[in-house]
Amino acid sequence: MRILPTSVLPKNILASLRKPANHIGASAALLEAVTAEPAAVMQKLGTSHSGLSEQEASARLETHGHNVVTEETRHTRLRMLGHACLNPLVILLVVLATIAFLTGDVRECLVMVMMVVLGVVLRFLQEAKADGAAARLKAMITVTATVIRDGQPREIALPQLVPGDLVKLAAGDMIPADIRILSSKDLFVIQSSLTGESLPVEKFEGREDDAGRPIAELRNVCFLGTSVESGSATAIVVETGFRTYLGKMARSIVAPAAETSFDRGVARFTWLMIRFMLVMVPLVFLINGITKHNWTEAFFFALAVAVGMTPEMLPMIVTVCLSRGAIDMSGKKVIVKRLNSIQNLGAMDVLCADKTGTLTLDRVILERYCDVVQHEDDEVLRFAYLNSHFQTGLKNVLDRAILQHREVCESFSAPDLQTVDEIPFDFVRRVMSVVIATPEGRHRLICKGAPEAIFERCNRFELEGAVYPVDPLLVRDLEEEYDNLSEDGFRVLAIAYADFEPRAAYSRADERDLILKGYVAFLDPPKETAAPAIAALEQHGVSVKILTGDNELVSRKICTEVGLTTESVVLGSQVAAMPDAELAEAAHRAALFARLSPADKERIVRALQSKGHVVGFMGDGINDSPALRAADVGISVDSAVDIAKEAADVILLEKSLIVIDEGVLEGRKVFANILKYIRMGASSNFGNMFSVLGASAFVPYLPMAPMQILTNNLLYDFSQVPIPADNVDPEQIAKPRPWDMGEITRFILFIGPCSSVFDYTTYLMLLYVFNGWDPANESLFQTGWFVESLITQTLVIHIIRTKRIPFLQSRASWPMIAATTAVIMLGMWLPFSPLGPSLGFTQLPPLYWPLLAVTLCCYVLLTQGVKAWLIRRGWV
């Protein structure tokens, strides 16, 4: 399922969210649920507190359909075939073939039809293969919801939800459908994907008196596409799929994927070729018509030139390169959700990542539990255990480390204690509390969280059983004890408490005037692979920056151990105070950012982008989703929270920088092979412009018959089919390679004319050595140029594909060598074959071949020399 980001919702849609709900197509069932009591909603939807039975859920799934709002993953084979046909280049070839047929040139029409069939069939087969591979890869990434069925909670895939299902919500969950809240505890929901409002909205279970209020203000319903920031709830599914609010919007809104620099570059190259054609074809037509006085011949020659300049293999090459790259990356534990993000992954020069699980093992161990002066204290551990045991929200790695500690497992239990209330964690307070009933009949609030957040809520501390006031002079001493733990690499949580007379409910306002009990300290040691992975990324031109919500002392120690520079550390409080320009400079310099909020992470990503960086962001938490969406390539892991996986472009099956480094290299290989085709096509076409124009001007007949041009182009296309599987030299993937149209243009301007030089030497050889001035030798001239042209542009593939010396220092893949060899041999055989006369060829004299060999040697040397000169100057 795809969540439509706010950026693609038209302003009139956003405005409609603030209109009365019954004016904007909210379902009648949802509006009815708004004003009904929870029990009445459950009765209406035919469910109970034990949820639906599996049998009933299956029946409802048949009736209501799957809970999806877009069906974009798979396409029918017919639709794929239509997509392959409805391509500007294919349409152009069809138009030219139709013109050839209507004017009586059936042979040329048949050759163009063969070219269309070749391009369409290859693209169709490759896209079908890519679609199947993408489906298999995406099946590895699932977004689930916690549902109560047959009285038991279970995880099911979102598409399987049906109206009447009871769902459990916790921080980090996506809202899986349009739901009515039945019970909640401090539930805050982020609705920005629908309303554009960045602040979370609190939701309650109580009925609304007026369902006609703006839909964004309805407080007892949540909508598909939003997410839980904090708190917990039980809710009932009212609407699914296209009957949800988002589903109805999706019917009228097309959410286009954001265009990458790669998309724009391919489009610019295509239009460059079309502009070449628009200039070239009329000139060729006019020059040949004026000089040969045969306007019909001139027309067909110009038509053939137009076909020859059409980069009809580009869609197939791009599709195959990207799909092959995605398949290769999946073997290295990188799942690509969006194919075009592969190029951005290769172009990435800054990777922003969280510390936990990326640099560290993400296998947190509770190492110390101590009082405020770092003396071991079992009571501190007991308080931490009670807090983690009784909380009902998302248990993080620290909670699990507390509950799994050996001392806890052997000594602690809570059979006689009851939870009274809970104040869930959120990223603003950075604390969470539970309230339990003590055997003495009082209520005890136990608060656990970031030490600085706990400190500001405490006015007393406990030491050796006695409680003392927090004197301003003692505050710094208390902070130093915590700092000492942090400097040793421990991740520290503070524990505080307060006792109350019994009452019904508690809120955030009660988290004050607490008694500081002590600290629990966790160790999450660095991965052994972290330092080598960072070094490898740096070697490949990707600088790593750590963006963490953790404190700067722990983060600095871990970063130092893995080889990251920590001379400049930027804190969240500093980020919030910096204007954008200053933040961009700080983000460019610093490698460690600590104590960040989700908004801080997003700002840092955008600041780096403003400095011209291609930024990747790796995150797996709910607080990472804004930065994941803002980054050029969002990277998450398969164990991430739902909203993070939805926001990401790439999913890792292993949370490791080594895996990212391998993915980066694969992305660069894909781009390198696509760039090979673009360079070959562009430089060949640019050179052909000069060759065809010159020959048209002074040769007394058509320099090559239209049918011969089409045959030449068809064979050249065959030689390029193996490009996606070609080898890539290490230096081509050593550094980030963003799309650079200037580099491509320089390559065209200098390499293109090299072929023209030897086309002209071939003209002179055929005109003067073999008396090509005589119109009786027209076929000989055309055959000679056909063979030379085909061999040179096929040979140049091996020169352009590498920055090294071809064949000696760098060899193409065996399929590429086999294809180019076969095309060259076929081109040399055609004049002597039975097909030769029908194509207008004649047998070439023996002297032609040694002269051709000299021409080819000189051509290879000149092109290699110009390429080496361009490389030395740093122009390509």
# chains A, B, ... in the order shown; residues from 1 in each chain; ligands from 1
>>> select_by_dssp(residues="segment 698-837 of chain A", states="helix (DSSP H, G or I)", output="ChimeraX atom specification")
/A:698,706-720,723-725,730-733,741-769,775-800,814-832,837
>>> residues_around(residues="Asn387 of chain A", least_positions_apart="2", cutoff="9 Å", atoms="only C-alpha atoms", output="ChimeraX atom specification")
/A:382-385,389-391,399,432-435,445-448
>>> write_last_selection(atoms="N, CA and C atoms", output="CSV table (one decimal), in the first residue's frame")
chain,number,residue,atom,x,y,z
A,382,ARG,N,14.6,-2.7,40.5
A,382,ARG,CA,13.2,-3.1,40.7
A,382,ARG,C,12.3,-2.1,40.2
A,383,PHE,N,12.6,-0.8,40.4
A,383,PHE,CA,11.7,0.3,39.9
A,383,PHE,C,11.7,0.3,38.3
A,384,ALA,N,12.9,0.1,37.8
A,384,ALA,CA,13.0,0.0,36.3
A,384,ALA,C,12.2,-1.2,35.7
A,385,TYR,N,12.3,-2.3,36.4
A,385,TYR,CA,11.6,-3.5,36.0
A,385,TYR,C,10.1,-3.2,36.1
A,389,HIS,N,7.8,-3.5,32.9
A,389,HIS,CA,6.8,-4.6,32.9
A,389,HIS,C,5.4,-4.2,32.7
A,390,PHE,N,5.0,-3.1,33.3
A,390,PHE,CA,3.6,-2.7,33.3
A,390,PHE,C,3.3,-1.8,32.1
A,391,GLN,N,4.3,-1.3,31.3
A,391,GLN,CA,3.9,-0.4,30.2
A,391,GLN,C,3.3,-1.3,29.1
A,399,ASP,N,13.8,-1.5,27.2
A,399,ASP,CA,12.8,-2.2,28.0
A,399,ASP,C,13.1,-3.7,28.0
A,432,MET,N,8.5,8.2,30.1
A,432,MET,CA,7.2,7.5,30.2
A,432,MET,C,7.0,7.0,31.6
A,433,SER,N,5.7,6.9,32.0
A,433,SER,CA,5.4,6.6,33.4
A,433,SER,C,4.4,5.6,33.5
A,434,VAL,N,4.4,4.7,34.5
A,434,VAL,CA,3.3,3.9,34.9
A,434,VAL,C,3.0,4.2,36.4
A,435,VAL,N,1.7,3.9,36.7
A,435,VAL,CA,1.2,4.1,38.0
A,435,VAL,C,0.7,2.8,38.5
A,445,LEU,N,3.8,6.5,41.1
A,445,LEU,CA,4.1,6.8,39.7
A,445,LEU,C,5.6,6.6,39.6
A,446,ILE,N,6.0,5.7,38.7
A,446,ILE,CA,7.4,5.4,38.4
A,446,ILE,C,7.7,6.0,37.0
A,447,CYS,N,8.6,6.9,36.9
A,447,CYS,CA,8.9,7.6,35.6
A,447,CYS,C,10.3,7.2,35.2
A,448,LYS,N,10.5,6.9,33.9
A,448,LYS,CA,11.8,6.5,33.3
A,448,LYS,C,12.0,7.3,32.1
>>> closest_residue(among="A:Leu870, A:Leu286, A:Ala648, A:Ile660", to="Phe300 of chain A", atoms="only C-alpha atoms")
A:Leu286
>>> closest_residue(among="A:Lys601, A:Arg368, A:Arg679, A:Lys203", to="Ala401 of chain A", atoms="only C-alpha atoms")
A:Arg368
>>> residues_around(residues="Asp328 of chain A", least_positions_apart="2", cutoff="12 Å", atoms="only C-alpha atoms", output="list of chain:residue names")
A:Ala130, A:Ala133, A:Ala134, A:Leu137, A:Val320, A:Cys321, A:Leu322, A:Ser323, A:Arg324, A:Gly325, A:Ala326, A:Ser330, A:Gly331, A:Lys332, A:Lys333, A:Val334, A:Ile335, A:Val336, A:Ile342, A:Glu662, A:Gly663, A:Val664, A:Leu665, A:Glu666, A:Gly667, A:Lys669, A:Val670, A:Pro724, A:Ala725
